[in-house]
file model-v4.tsv (TSV, C-alpha atoms)
chain	number	residue	atom	x	y	z
A	1	GLU	CA	-7.51	23.03	11.87
A	2	GLY	CA	-10.30	20.70	10.81
A	3	LEU	CA	-10.43	19.63	7.21
A	4	ALA	CA	-8.87	22.92	6.15
A	5	ALA	CA	-5.44	21.49	6.96
A	6	ARG	CA	-5.94	18.22	5.15
A	7	PRO	CA	-4.47	17.68	1.67
A	8	THR	CA	-7.13	17.68	-1.04
A	9	ALA	CA	-7.34	16.22	-4.52
A	10	ARG	CA	-7.36	19.76	-5.89
A	11	ASN	CA	-3.71	20.05	-4.82
A	12	ASN	CA	-2.68	16.64	-6.18
A	13	PRO	CA	-1.18	16.97	-9.69
A	14	SER	CA	-1.37	13.24	-10.49
A	15	TYR	CA	-5.04	13.06	-9.48
A	16	LEU	CA	-5.88	16.16	-11.50
A	17	ALA	CA	-4.00	14.81	-14.52
A	18	ASN	CA	-5.84	11.48	-14.26
A	19	PHE	CA	-9.18	13.28	-14.05
A	20	ALA	CA	-8.30	15.56	-16.98
A	21	ILE	CA	-7.48	12.54	-19.15
A	22	GLN	CA	-10.76	10.82	-18.25
A	23	LEU	CA	-12.70	14.02	-18.87
A	24	ALA	CA	-11.06	14.46	-22.27
A	25	ILE	CA	-11.76	10.86	-23.29
A	26	PHE	CA	-15.43	10.95	-22.36
A	27	GLY	CA	-15.76	14.44	-23.83
A	28	VAL	CA	-14.49	13.23	-27.20
A	29	LEU	CA	-16.68	10.09	-27.05
A	30	THR	CA	-19.74	12.21	-26.26
A	31	ILE	CA	-19.08	14.55	-29.20
A	32	LEU	CA	-18.54	11.61	-31.57
A	33	HIS	CA	-21.72	9.95	-30.31
A	34	ILE	CA	-23.77	13.10	-30.93
A	35	ILE	CA	-22.30	13.48	-34.42
A	36	SER	CA	-23.15	9.86	-35.26
A	37	ASN	CA	-26.55	9.58	-33.57
A	38	GLY	CA	-27.80	13.11	-33.06
A	39	ILE	CA	-29.25	14.53	-29.87
A	40	LYS	CA	-31.53	11.96	-28.25
A	41	LEU	CA	-33.71	12.14	-25.15
A	42	PRO	CA	-31.11	10.51	-22.82
A	43	PHE	CA	-28.60	13.22	-23.76
A	44	ILE	CA	-31.10	15.98	-23.01
A	45	ILE	CA	-31.88	14.38	-19.64
A	46	ALA	CA	-28.18	13.96	-18.83
A	47	THR	CA	-27.40	17.59	-19.58
A	48	SER	CA	-30.43	18.68	-17.53
A	49	TYR	CA	-28.98	16.98	-14.43
A	50	CYS	CA	-25.61	18.60	-15.10
A	51	CYS	CA	-27.22	22.03	-15.50
A	52	PHE	CA	-29.13	21.67	-12.25
A	53	VAL	CA	-26.12	20.68	-10.13
A	54	PHE	CA	-23.63	22.89	-11.95
A	55	GLY	CA	-26.18	25.70	-11.90
A	56	SER	CA	-26.14	25.65	-8.10
A	57	VAL	CA	-22.91	27.65	-8.44
A	58	VAL	CA	-25.23	30.62	-9.10
A	59	TRP	CA	-26.94	30.45	-5.70
A	60	SER	CA	-24.12	28.75	-3.79
A	61	VAL	CA	-22.91	30.35	-0.58
A	62	SER	CA	-19.42	29.53	-1.85
A	63	PRO	CA	-19.29	29.26	-5.66
A	64	ALA	CA	-15.59	28.35	-5.61
A	65	THR	CA	-16.29	25.40	-3.28
A	66	THR	CA	-19.21	24.20	-5.41
A	67	LEU	CA	-17.38	24.43	-8.73
A	68	THR	CA	-15.06	21.40	-8.51
A	69	PRO	CA	-17.61	18.91	-7.05
A	70	ALA	CA	-20.18	20.12	-9.61
A	71	ILE	CA	-17.75	19.43	-12.45
A	72	LEU	CA	-17.04	15.96	-11.06
A	73	PHE	CA	-20.74	15.22	-10.66
A	74	SER	CA	-21.44	16.34	-14.24
A	75	TYR	CA	-18.58	14.18	-15.45
A	76	LEU	CA	-20.06	11.10	-13.75
A	77	VAL	CA	-23.46	11.77	-15.31
A	78	MET	CA	-22.06	12.21	-18.82
A	79	ALA	CA	-19.73	9.22	-18.40
A	80	ALA	CA	-22.72	7.09	-17.40
A	81	TYR	CA	-24.65	8.40	-20.42
A	82	ILE	CA	-21.94	7.55	-22.94
A	83	THR	CA	-21.20	4.19	-21.28
A	84	SER	CA	-24.88	3.20	-21.45
A	85	SER	CA	-24.92	4.05	-25.15
A	86	MET	CA	-21.79	1.99	-25.90
A	87	PHE	CA	-22.25	-1.07	-23.66
A	88	SER	CA	-25.39	-3.08	-23.12
A	89	PRO	CA	-26.20	-3.91	-19.49
A	90	ARG	CA	-25.00	-7.48	-19.99
A	91	GLN	CA	-21.64	-6.29	-21.34
A	92	PHE	CA	-21.34	-3.60	-18.68
A	93	LEU	CA	-22.17	-5.95	-15.81
A	94	LYS	CA	-19.53	-8.41	-16.96
A	95	LEU	CA	-16.96	-5.60	-17.07
A	96	PHE	CA	-18.04	-4.42	-13.62
A	97	PHE	CA	-17.81	-7.95	-12.26
A	98	TYR	CA	-14.27	-8.50	-13.56
A	99	LEU	CA	-13.27	-5.07	-12.26
A	100	GLY	CA	-14.56	-6.33	-8.92
A	101	VAL	CA	-12.31	-9.38	-9.17
A	102	ILE	CA	-9.34	-7.05	-9.65
A	103	ILE	CA	-10.47	-4.94	-6.67
A	104	PHE	CA	-10.64	-8.02	-4.44
A	105	VAL	CA	-7.27	-9.37	-5.60
A	106	CYS	CA	-5.50	-6.05	-5.04
A	107	SER	CA	-7.25	-5.44	-1.72
A	108	TYR	CA	-6.35	-8.84	-0.30
A	109	TYR	CA	-2.80	-8.42	-1.59
A	110	LEU	CA	-2.50	-5.26	0.50
A	111	LEU	CA	-3.94	-7.09	3.51
A	112	LEU	CA	-1.77	-10.19	3.24
A	113	THR	CA	1.43	-8.19	2.70
A	114	GLY	CA	0.75	-6.11	5.79
A	115	SER	CA	0.43	-2.84	3.91
A	116	PRO	CA	-0.76	0.08	6.06
A	117	TYR	CA	-3.05	1.03	3.16
A	118	ALA	CA	-5.11	-2.15	3.63
A	119	GLY	CA	-7.06	-0.64	6.50
A	120	SER	CA	-6.85	0.97	9.89
A	121	ASP	CA	-7.07	-0.19	13.48
A	122	ARG	CA	-10.61	-0.29	14.83
A	123	TRP	CA	-11.13	1.17	18.27
A	124	GLY	CA	-12.95	-1.33	20.48
A	125	GLY	CA	-12.19	-4.32	18.27
A	126	GLY	CA	-13.85	-5.72	15.19
A	127	TRP	CA	-16.04	-8.63	14.18
A	128	LEU	CA	-13.16	-10.79	12.90
A	129	LEU	CA	-9.93	-8.81	13.19
A	130	ASP	CA	-9.27	-5.53	14.98
A	131	ILE	CA	-9.12	-3.61	11.72
A	132	GLU	CA	-11.37	-1.76	9.31
A	133	PHE	CA	-10.50	-3.34	5.98
A	134	THR	CA	-10.57	-0.82	3.12
A	135	GLY	CA	-8.33	-2.50	0.57
A	136	VAL	CA	-7.95	-0.22	-2.45
A	137	MET	CA	-10.97	1.88	-1.44
A	138	ALA	CA	-10.87	5.22	0.35
A	139	SER	CA	-12.80	4.26	3.50
A	140	LYS	CA	-14.19	1.18	5.20
A	141	ASN	CA	-17.77	2.30	4.58
A	142	PHE	CA	-17.33	2.81	0.85
A	143	ALA	CA	-15.24	-0.36	0.65
A	144	GLY	CA	-17.84	-2.40	2.49
A	145	ILE	CA	-20.67	-1.18	0.26
A	146	VAL	CA	-18.72	-2.06	-2.89
A	147	PHE	CA	-17.64	-5.44	-1.48
A	148	ALA	CA	-21.24	-6.29	-0.60
A	149	THR	CA	-22.66	-5.10	-3.93
A	150	LEU	CA	-20.12	-7.14	-5.89
A	151	THR	CA	-21.01	-10.20	-3.81
A	152	ILE	CA	-24.71	-9.74	-4.60
A	153	LEU	CA	-23.82	-9.41	-8.28
A	154	ALA	CA	-21.80	-12.64	-8.11
A	155	ILE	CA	-24.85	-14.58	-6.91
A	156	ASN	CA	-26.54	-14.04	-10.27
A	157	ALA	CA	-23.41	-13.65	-12.37
A	158	HIS	CA	-23.65	-17.18	-13.81
A	159	HIS	CA	-26.64	-15.93	-15.85
A	160	LEU	CA	-24.33	-13.33	-17.40
A	161	GLY	CA	-21.78	-15.84	-18.64
A	162	VAL	CA	-18.87	-14.91	-16.38
A	163	ASN	CA	-16.12	-17.38	-15.57
A	164	LYS	CA	-17.41	-19.81	-12.94
A	165	TYR	CA	-14.14	-19.85	-11.01
A	166	ALA	CA	-14.07	-16.05	-10.86
A	167	ARG	CA	-17.66	-16.12	-9.60
A	168	LEU	CA	-16.83	-18.67	-6.89
A	169	PHE	CA	-13.81	-16.58	-5.93
A	170	VAL	CA	-15.97	-13.48	-5.37
A	171	LEU	CA	-18.63	-15.48	-3.51
A	172	PHE	CA	-15.89	-16.73	-1.16
A	173	VAL	CA	-13.81	-13.61	-0.56
A	174	GLY	CA	-16.67	-11.07	-0.78
A	175	PRO	CA	-18.47	-11.89	2.48
A	176	ILE	CA	-15.13	-12.17	4.29
A	177	ALA	CA	-14.17	-8.72	3.02
A	178	VAL	CA	-17.49	-7.33	4.27
A	179	VAL	CA	-16.89	-8.76	7.74
A	180	LEU	CA	-13.31	-7.49	7.77
A	181	SER	CA	-14.49	-4.01	6.80
A	182	ASN	CA	-16.60	-3.90	9.98
A	183	SER	CA	-19.22	-1.94	8.05
A	184	ALA	CA	-22.70	-2.58	9.45
A	185	THR	CA	-24.17	-1.00	6.30
A	186	ALA	CA	-22.37	-3.48	4.07
A	187	LEU	CA	-23.51	-6.36	6.26
A	188	LEU	CA	-27.08	-5.09	5.98
A	189	ILE	CA	-26.80	-5.11	2.17
A	190	LEU	CA	-25.72	-8.76	2.24
A	191	VAL	CA	-28.46	-9.77	4.68
A	192	LEU	CA	-31.28	-7.97	2.88
A	193	LEU	CA	-30.36	-8.73	-0.73
A	194	SER	CA	-28.83	-12.21	-0.69
A	195	VAL	CA	-32.16	-14.02	-0.46
A	196	PRO	CA	-33.83	-12.05	-3.29
A	197	ALA	CA	-30.71	-12.53	-5.40
A	198	ILE	CA	-31.00	-16.28	-4.93
A	199	LEU	CA	-34.77	-16.51	-5.37
A	200	PHE	CA	-35.30	-14.21	-8.36
A	201	ASN	CA	-35.54	-16.43	-11.43
A	202	PRO	CA	-34.99	-14.76	-14.83
A	203	ARG	CA	-37.36	-17.28	-16.45
A	204	THR	CA	-40.33	-15.98	-14.44
A	205	ARG	CA	-41.90	-12.53	-14.12
A	206	ILE	CA	-42.92	-12.46	-10.47
A	207	TRP	CA	-39.60	-10.85	-9.57
A	208	GLN	CA	-40.38	-7.69	-11.58
A	209	PRO	CA	-43.00	-6.03	-9.32
A	210	VAL	CA	-41.23	-7.29	-6.19
A	211	LEU	CA	-37.89	-5.82	-7.24
A	212	PHE	CA	-39.44	-2.52	-8.28
A	213	LEU	CA	-41.21	-2.25	-4.92
A	214	MET	CA	-37.88	-2.97	-3.20
A	215	ILE	CA	-36.26	-0.09	-5.11
A	216	VAL	CA	-39.09	2.28	-4.15
A	217	LEU	CA	-38.93	1.15	-0.52
A	218	PHE	CA	-35.17	1.59	-0.17
A	219	ALA	CA	-35.32	4.94	-1.99
A	220	CYS	CA	-37.90	6.17	0.52
A	221	LEU	CA	-35.91	4.85	3.47
A	222	ILE	CA	-32.94	7.10	2.61
A	223	PRO	CA	-34.75	10.28	3.78
A	224	SER	CA	-36.62	8.39	6.49
A	225	LEU	CA	-33.66	7.07	8.50
A	226	PRO	CA	-32.53	10.42	10.00
A	227	PHE	CA	-35.95	10.70	11.65
A	228	VAL	CA	-35.52	7.33	13.38
A	229	SER	CA	-33.99	7.11	16.86
A	230	GLY	CA	-33.64	4.66	19.71
A	231	LEU	CA	-32.95	1.50	17.72
A	232	ASP	CA	-31.09	-1.22	19.62
A	233	LEU	CA	-28.10	-2.07	17.42
A	234	SER	CA	-25.99	-3.70	20.11
A	235	PHE	CA	-26.30	-7.11	18.42
A	236	ILE	CA	-23.93	-5.88	15.69
A	237	GLY	CA	-21.76	-3.84	18.03
A	238	ARG	CA	-23.31	-0.46	17.20
A	239	ASP	CA	-25.17	2.08	19.31
A	240	ALA	CA	-28.51	3.81	18.76
A	241	THR	CA	-26.80	6.90	17.28
A	242	PHE	CA	-25.67	4.92	14.21
A	243	THR	CA	-22.03	5.43	15.26
A	244	GLY	CA	-22.55	9.13	15.89
A	245	ARG	CA	-24.44	9.88	12.70
A	246	SER	CA	-27.57	11.07	14.50
A	247	PHE	CA	-25.53	13.90	16.05
A	248	LEU	CA	-24.47	15.03	12.57
A	249	TRP	CA	-28.06	14.84	11.37
A	250	GLU	CA	-29.16	17.12	14.21
A	251	VAL	CA	-26.77	19.79	12.90
A	252	ALA	CA	-28.05	19.27	9.37
A	253	PHE	CA	-31.64	19.81	10.48
A	254	GLU	CA	-30.56	23.02	12.20
A	255	ARG	CA	-28.94	24.31	9.01
A	256	LEU	CA	-31.84	23.23	6.77
A	257	ASN	CA	-33.81	26.35	7.63
A	258	ASP	CA	-31.03	28.55	6.18
A	259	TYR	CA	-31.78	27.62	2.56
A	260	PRO	CA	-34.65	25.10	2.55
A	261	PHE	CA	-35.61	25.04	-1.13
A	262	LEU	CA	-32.36	25.14	-3.14
A	263	GLY	CA	-29.80	24.54	-0.41
A	264	HIS	CA	-26.37	26.04	0.19
A	265	GLY	CA	-25.16	25.01	-3.27
A	266	TYR	CA	-23.71	21.63	-4.17
A	267	TYR	CA	-21.19	20.71	-1.43
A	268	ALA	CA	-20.85	24.40	-0.50
A	269	PHE	CA	-21.67	23.80	3.17
A	270	TYR	CA	-18.17	22.35	3.57
A	271	ASP	CA	-16.43	25.53	2.50
A	272	THR	CA	-13.36	25.90	4.72
A	273	ASP	CA	-13.56	29.69	4.83
A	274	PRO	CA	-13.23	30.87	8.47
A	275	TYR	CA	-16.78	32.26	8.37
A	276	SER	CA	-18.35	29.12	6.89
A	277	SER	CA	-21.18	27.38	8.73
A	278	VAL	CA	-19.23	24.12	8.70
A	279	TRP	CA	-17.00	25.33	11.53
A	280	GLY	CA	-19.99	25.14	13.85
A	281	LEU	CA	-20.17	21.44	13.00
A	282	TRP	CA	-16.47	20.79	13.44
A	283	GLU	CA	-16.31	22.67	16.74
A	284	ARG	CA	-19.06	20.44	18.15
A	285	PHE	CA	-17.46	17.21	16.91
A	286	ARG	CA	-13.71	17.73	17.06
A	287	TYR	CA	-13.14	13.99	17.31
A	288	TRP	CA	-14.99	13.39	14.03
A	289	LEU	CA	-14.04	15.91	11.34
A	290	ALA	CA	-16.73	14.83	8.91
A	291	ASP	CA	-16.77	16.13	5.35
A	292	ASN	CA	-20.35	14.93	4.75
A	293	PHE	CA	-23.46	14.05	6.78
A	294	HIS	CA	-23.27	10.30	6.09
A	295	ASN	CA	-26.71	10.08	4.54
A	296	SER	CA	-27.52	11.05	0.94
A	297	PHE	CA	-30.78	12.75	1.95
A	298	MET	CA	-29.10	14.94	4.56
A	299	ASP	CA	-26.26	15.89	2.24
A	300	ILE	CA	-28.51	16.69	-0.71
A	301	VAL	CA	-31.08	18.62	1.32
A	302	ILE	CA	-28.24	20.80	2.64
A	303	SER	CA	-26.57	21.08	-0.77
A	304	LEU	CA	-29.57	21.35	-3.13
A	305	GLY	CA	-32.52	21.79	-0.79
A	306	LEU	CA	-35.88	20.07	-0.90
A	307	VAL	CA	-35.88	20.45	-4.69
A	308	GLY	CA	-32.68	18.41	-4.83
A	309	VAL	CA	-34.18	15.70	-2.62
A	310	VAL	CA	-37.19	15.36	-4.91
A	311	VAL	CA	-34.83	15.11	-7.90
A	312	MET	CA	-32.67	12.46	-6.20
A	313	ILE	CA	-35.52	10.23	-5.00
A	314	GLY	CA	-37.32	10.66	-8.31
A	315	THR	CA	-34.17	9.65	-10.18
A	316	ILE	CA	-33.80	6.45	-8.16
A	317	ILE	CA	-37.42	5.43	-8.79
A	318	TRP	CA	-37.14	6.41	-12.46
A	319	ALA	CA	-34.01	4.28	-12.77
A	320	GLY	CA	-36.07	1.38	-11.42
A	321	ALA	CA	-37.94	1.48	-14.73
A	322	VAL	CA	-35.00	-0.47	-16.17
A	323	ILE	CA	-36.82	-3.55	-14.87
A	324	GLY	CA	-39.44	-3.04	-17.57
A	325	ASN	CA	-37.02	-2.53	-20.48
A	326	LEU	CA	-37.61	-5.78	-22.39
A	327	SER	CA	-34.71	-5.10	-24.77
A	328	ILE	CA	-32.47	-6.02	-21.81
A	329	ASP	CA	-32.24	-9.68	-20.83
A	330	ALA	CA	-33.98	-10.60	-17.58
A	331	ALA	CA	-30.82	-11.63	-15.72
A	332	SER	CA	-29.20	-8.23	-16.39
A	333	ARG	CA	-32.33	-6.42	-15.25
A	334	ILE	CA	-32.31	-8.39	-12.00
A	335	CYS	CA	-28.65	-7.56	-11.41
A	336	LEU	CA	-29.12	-3.86	-12.17
A	337	GLY	CA	-32.12	-3.67	-9.83
A	338	LEU	CA	-30.29	-5.39	-6.99
A	339	ILE	CA	-27.22	-3.19	-7.47
A	340	LEU	CA	-29.47	-0.13	-7.29
A	341	CYS	CA	-31.01	-1.49	-4.07
A	342	GLY	CA	-27.53	-2.05	-2.65
A	343	PHE	CA	-26.43	1.52	-3.24
A	344	CYS	CA	-29.74	2.81	-1.85
A	345	ILE	CA	-29.09	0.91	1.38
A	346	GLY	CA	-25.56	2.28	1.38
A	347	SER	CA	-26.92	5.80	0.95
A	348	MET	CA	-28.83	5.51	4.21
A	349	MET	CA	-25.55	5.58	6.15
A	350	GLU	CA	-23.21	7.27	3.67
A	351	PHE	CA	-23.29	10.07	1.13
A	352	ALA	CA	-23.18	7.59	-1.74
A	353	ILE	CA	-25.88	8.28	-4.35
A	354	PHE	CA	-25.45	11.80	-5.79
A	355	HIS	CA	-21.93	12.01	-4.38
A	356	HIS	CA	-19.63	13.72	-6.87
A	357	ASN	CA	-16.80	11.22	-6.57
A	358	TYR	CA	-18.32	7.82	-5.90
A	359	ILE	CA	-19.33	4.85	-8.02
A	360	ALA	CA	-22.90	4.86	-6.65
A	361	THR	CA	-23.68	8.03	-8.64
A	362	PHE	CA	-22.23	6.59	-11.83
A	363	MET	CA	-24.17	3.34	-11.38
A	364	LEU	CA	-27.43	5.17	-10.68
A	365	PHE	CA	-27.20	7.17	-13.88
A	366	TYR	CA	-26.00	4.21	-15.94
A	367	ILE	CA	-29.10	2.30	-14.81
A	368	LEU	CA	-31.29	5.35	-15.48
A	369	PHE	CA	-30.03	5.79	-19.05
A	370	SER	CA	-30.15	2.03	-19.66
A	371	SER	CA	-33.87	2.17	-18.99
A	372	MET	CA	-34.23	4.53	-21.97
A	373	TRP	CA	-32.21	2.75	-24.67
A	374	GLU	CA	-33.41	0.00	-26.99
A	375	TYR	CA	-30.60	-2.56	-27.07
A	376	GLU	CA	-29.97	-5.08	-29.81
A	377	PRO	CA	-30.54	-8.76	-28.85
A	378	GLU	CA	-27.34	-10.56	-27.78

call {"tool": "encode", "arguments": {"input": "model-v4.tsv", "output": "structure tokens"}}
result
Amino acid sequence: EGLAARPTARNNPSYLANFAIQLAIFGVLTILHIISNGIKLPFIIATSYCCFVFGSVVWSVSPATTLTPAILFSYLVMAAYITSSMFSPRQFLKLFFYLGVIIFVCSYYLLLTGSPYAGSDRWGGGWLLDIEFTGVMASKNFAGIVFATLTILAINAHHLGVNKYARLFVLFVGPIAVVLSNSATALLILVLLSVPAILFNPRTRIWQPVLFLMIVLFACLIPSLPFVSGLDLSFIGRDATFTGRSFLWEVAFERLNDYPFLGHGYYAFYDTDPYSSVWGLWERFRYWLADNFHNSFMDIVISLGLVGVVVMIGTIIWAGAVIGNLSIDAASRICLGLILCGFCIGSMMEFAIFHHNYIATFMLFYILFSSMWEYEPE
């Protein structure tokens, strides 16, 4: 019953083999990097994050449940560290953009060939078609956030030297993919960030304080949203409960008093043991067997307590310092800042930033470590 009966990645040999290969590759690269360059401040900071999350196994209500997500989270942090040391933001953004092109091509291929993996039927109809378009992504929410973020990147991608036809392709198919996903969060990313992406000029400096303030604002809105109620969202086909999220947040607030400072342990709340607290959640919402609280603040405050929330919000704002790293070209700094804003907006409605198996966490830490390196001029 509940998620206990669902297949998990921990029982999937091909997934585990793929992860083991990635872990081995980045492990070797990290060791070689330390041998060549020594232990630098970014490495110490990266390992500190890993120790904090992995260390939650010690106080976790279910150490076995925490162990695997903590390993995955640590892997994302260290992968971001080594990637930031090997690829400048300009190089990395170009790679990310072309990866996005592949994501769009494969996703639309699934849609046009009628594959059941392209999405799922949407109850009550959708904005364009009666589906929730996921493409190659795991869910329509995660897909929509990635689609929207790639579209925002494409607006400024001509400053990075990407192929103009590839850029036009993303600018055309990206917004359509967002609409097809029926993700209100993704639509919000497009609406809020498209104008700044167009107006920010790398040849001026006025964008720097504005973009940093945007990052701070969106970071602060992540923990603020669960306290908001009664918004009229009917104009986008949503109700005032944020599609049921406010009910989940009520449960999270109830459970916060159990372990307010350090939390239940990273992802330990969702232990499927018969005596786990999560069954109280699933019994109340049998129609929605959620495996997270759909807001990064709510998930982290339950997992790592108020200390974890301070760490997460502080990390986002710290990563915003990349805007002031003058060894990075202005266009790349604009793109990194807007991407960070996009994932912050996504984290208001999804467990995105600080999730152990999502690109938002990798991007956050790549941006954070990029703010610390001195890159050679390109």

call {"tool": "residues_around", "arguments": {"input": "model-v4.tsv", "residues": "Ala79 (chain A)", "least_positions_apart": "4", "cutoff": "10 Å", "atoms": "all atoms listed in the file", "output": "PyMOL selection string"}}
result
chain A and resi 22-23+25-27+29-30+46+73-75+83-85+362+365-366

call {"tool": "residues_around", "arguments": {"input": "model-v4.tsv", "residues": "Ala154 (chain A)", "least_positions_apart": "4", "cutoff": "9 Å", "atoms": "only C-alpha atoms", "output": "ChimeraX atom specification"}}
result
/A:97,149-150,158,166-168,170-171

call {"tool": "residues_near_point", "arguments": {"input": "model-v4.tsv", "point": "(-38.4, -4.6, -14.8)", "cutoff": "9 Å", "atoms": "all atoms listed in the file", "output": "list in words"}}
result
Arg205, Trp207, Gln208, Pro209, Leu211, Phe212, Gly320, Ala321, Val322, Ile323, Gly324, Asn325, Leu326, Ala330, Arg333, Ile334 and Gly337 of chain A

call {"tool": "write_last_selection", "arguments": {"input": "model-v4.tsv", "atoms": "C-alpha atoms", "output": "compact mmCIF listing (two decimals), in the frame of the given file"}}
result
# COMPACT_ATOMS: atom_id res chain seq x y z
CA ARG A 205 -41.90 -12.53 -14.12
CA TRP A 207 -39.60 -10.85 -9.57
CA GLN A 208 -40.38 -7.69 -11.58
CA PRO A 209 -43.00 -6.03 -9.32
CA LEU A 211 -37.89 -5.82 -7.24
CA PHE A 212 -39.44 -2.52 -8.28
CA GLY A 320 -36.07 1.38 -11.42
CA ALA A 321 -37.94 1.48 -14.73
CA VAL A 322 -35.00 -0.47 -16.17
CA ILE A 323 -36.82 -3.55 -14.87
CA GLY A 324 -39.44 -3.04 -17.57
CA ASN A 325 -37.02 -2.53 -20.48
CA LEU A 326 -37.61 -5.78 -22.39
CA ALA A 330 -33.98 -10.60 -17.58
CA ARG A 333 -32.33 -6.42 -15.25
CA ILE A 334 -32.31 -8.39 -12.00
CA GLY A 337 -32.12 -3.67 -9.83

call {"tool": "atom_distance", "arguments": {"input": "model-v4.tsv", "atom1": "CA of Trp318 (chain A)", "atom2": "CA of Glu376 (chain A)"}}
result
22.0 Å

call {"tool": "residues_near_point", "arguments": {"input": "model-v4.tsv", "point": "(-25.3, -10.3, -27.2)", "cutoff": "12 Å", "atoms": "all atoms listed in the file", "output": "mmCIF file with C-alpha atoms, in the coordinates of the input"}}
result
data_model
loop_
_atom_site.group_PDB
_atom_site.id
_atom_site.type_symbol
_atom_site.label_atom_id
_atom_site.label_comp_id
_atom_site.auth_asym_id
_atom_site.auth_seq_id
_atom_site.Cartn_x
_atom_site.Cartn_y
_atom_site.Cartn_z
ATOM 1 C CA PHE A 87 -22.250 -1.070 -23.660
ATOM 2 C CA SER A 88 -25.390 -3.080 -23.120
ATOM 3 C CA PRO A 89 -26.200 -3.910 -19.490
ATOM 4 C CA ARG A 90 -25.000 -7.480 -19.990
ATOM 5 C CA GLN A 91 -21.640 -6.290 -21.340
ATOM 6 C CA PHE A 92 -21.340 -3.600 -18.680
ATOM 7 C CA LYS A 94 -19.530 -8.410 -16.960
ATOM 8 C CA LEU A 160 -24.330 -13.330 -17.400
ATOM 9 C CA GLY A 161 -21.780 -15.840 -18.640
ATOM 10 C CA SER A 327 -34.710 -5.100 -24.770
ATOM 11 C CA ILE A 328 -32.470 -6.020 -21.810
ATOM 12 C CA ASP A 329 -32.240 -9.680 -20.830
ATOM 13 C CA SER A 332 -29.200 -8.230 -16.390
ATOM 14 C CA TYR A 375 -30.600 -2.560 -27.070
ATOM 15 C CA GLU A 376 -29.970 -5.080 -29.810
ATOM 16 C CA PRO A 377 -30.540 -8.760 -28.850
ATOM 17 C CA GLU A 378 -27.340 -10.560 -27.780
#

call {"tool": "residues_around", "arguments": {"input": "model-v4.tsv", "residues": "Ser56 (chain A)", "least_positions_apart": "3", "cutoff": "7 Å", "atoms": "all atoms listed in the file", "output": "JSON, numbers by chain"}}
result
{"A": [52, 53, 59, 60, 265, 266]}

call {"tool": "atom_distance", "arguments": {"input": "model-v4.tsv", "atom1": "CA of Leu340 (chain A)", "atom2": "CA of Leu95 (chain A)"}}
result
16.8 Å

call {"tool": "atom_distance", "arguments": {"input": "model-v4.tsv", "atom1": "CA of Ile145 (chain A)", "atom2": "CA of Gly346 (chain A)"}}
result
6.1 Å

call {"tool": "closest_residue", "arguments": {"input": "model-v4.tsv", "among": "A:Val136, A:Leu304, A:Ala186, A:Leu256", "to": "Met349 (chain A)", "atoms": "only C-alpha atoms"}}
result
A:Ala186

call {"tool": "residues_around", "arguments": {"input": "model-v4.tsv", "residues": "region 64-69 of chain A", "least_positions_apart": "2", "cutoff": "10 Å", "atoms": "only C-alpha atoms", "output": "MDAnalysis selection string"}}
result
chainID A and resid 10 53:62 71:75 264:273 303 355:357

call {"tool": "write_last_selection", "arguments": {"input": "model-v4.tsv", "atoms": "C-alpha atoms", "output": "compact mmCIF listing (two decimals), keeping the file's coordinate frame"}}
result
# COMPACT_ATOMS: atom_id res chain seq x y z
CA ARG A 10 -7.36 19.76 -5.89
CA VAL A 53 -26.12 20.68 -10.13
CA PHE A 54 -23.63 22.89 -11.95
CA GLY A 55 -26.18 25.70 -11.90
CA SER A 56 -26.14 25.65 -8.10
CA VAL A 57 -22.91 27.65 -8.44
CA VAL A 58 -25.23 30.62 -9.10
CA TRP A 59 -26.94 30.45 -5.70
CA SER A 60 -24.12 28.75 -3.79
CA VAL A 61 -22.91 30.35 -0.58
CA SER A 62 -19.42 29.53 -1.85
CA ILE A 71 -17.75 19.43 -12.45
CA LEU A 72 -17.04 15.96 -11.06
CA PHE A 73 -20.74 15.22 -10.66
CA SER A 74 -21.44 16.34 -14.24
CA TYR A 75 -18.58 14.18 -15.45
CA HIS A 264 -26.37 26.04 0.19
CA GLY A 265 -25.16 25.01 -3.27
CA TYR A 266 -23.71 21.63 -4.17
CA TYR A 267 -21.19 20.71 -1.43
CA ALA A 268 -20.85 24.40 -0.50
CA PHE A 269 -21.67 23.80 3.17
CA TYR A 270 -18.17 22.35 3.57
CA ASP A 271 -16.43 25.53 2.50
CA THR A 272 -13.36 25.90 4.72
CA ASP A 273 -13.56 29.69 4.83
CA SER A 303 -26.57 21.08 -0.77
CA HIS A 355 -21.93 12.01 -4.38
CA HIS A 356 -19.63 13.72 -6.87
CA ASN A 357 -16.80 11.22 -6.57

call {"tool": "closest_residue", "arguments": {"input": "model-v4.tsv", "among": "A:Phe227, A:Phe43, A:Tyr81, A:Tyr259", "to": "Ser246 (chain A)", "atoms": "all atoms listed in the file"}}
result
A:Phe227

call {"tool": "closest_residue", "arguments": {"input": "model-v4.tsv", "among": "A:Ile155, A:Val162, A:Ile313, A:Leu188", "to": "Asn201 (chain A)", "atoms": "all atoms listed in the file"}}
result
A:Ile155

call {"tool": "closest_residue", "arguments": {"input": "model-v4.tsv", "among": "A:Val146, A:Val307, A:Val210, A:Leu192", "to": "Ala360 (chain A)", "atoms": "all atoms listed in the file"}}
result
A:Val146

call {"tool": "residues_around", "arguments": {"input": "model-v4.tsv", "residues": "Tyr358 (chain A)", "least_positions_apart": "5", "cutoff": "9 Å", "atoms": "only C-alpha atoms", "output": "list of chain:residue names"}}
result
A:Leu76, A:Phe142, A:Phe351, A:Ala352, A:Ile353

call {"tool": "closest_residue", "arguments": {"input": "model-v4.tsv", "among": "A:Val301, A:Ile198, A:Val191, A:Tyr165", "to": "Glu254 (chain A)", "atoms": "all atoms listed in the file"}}
result
A:Val301
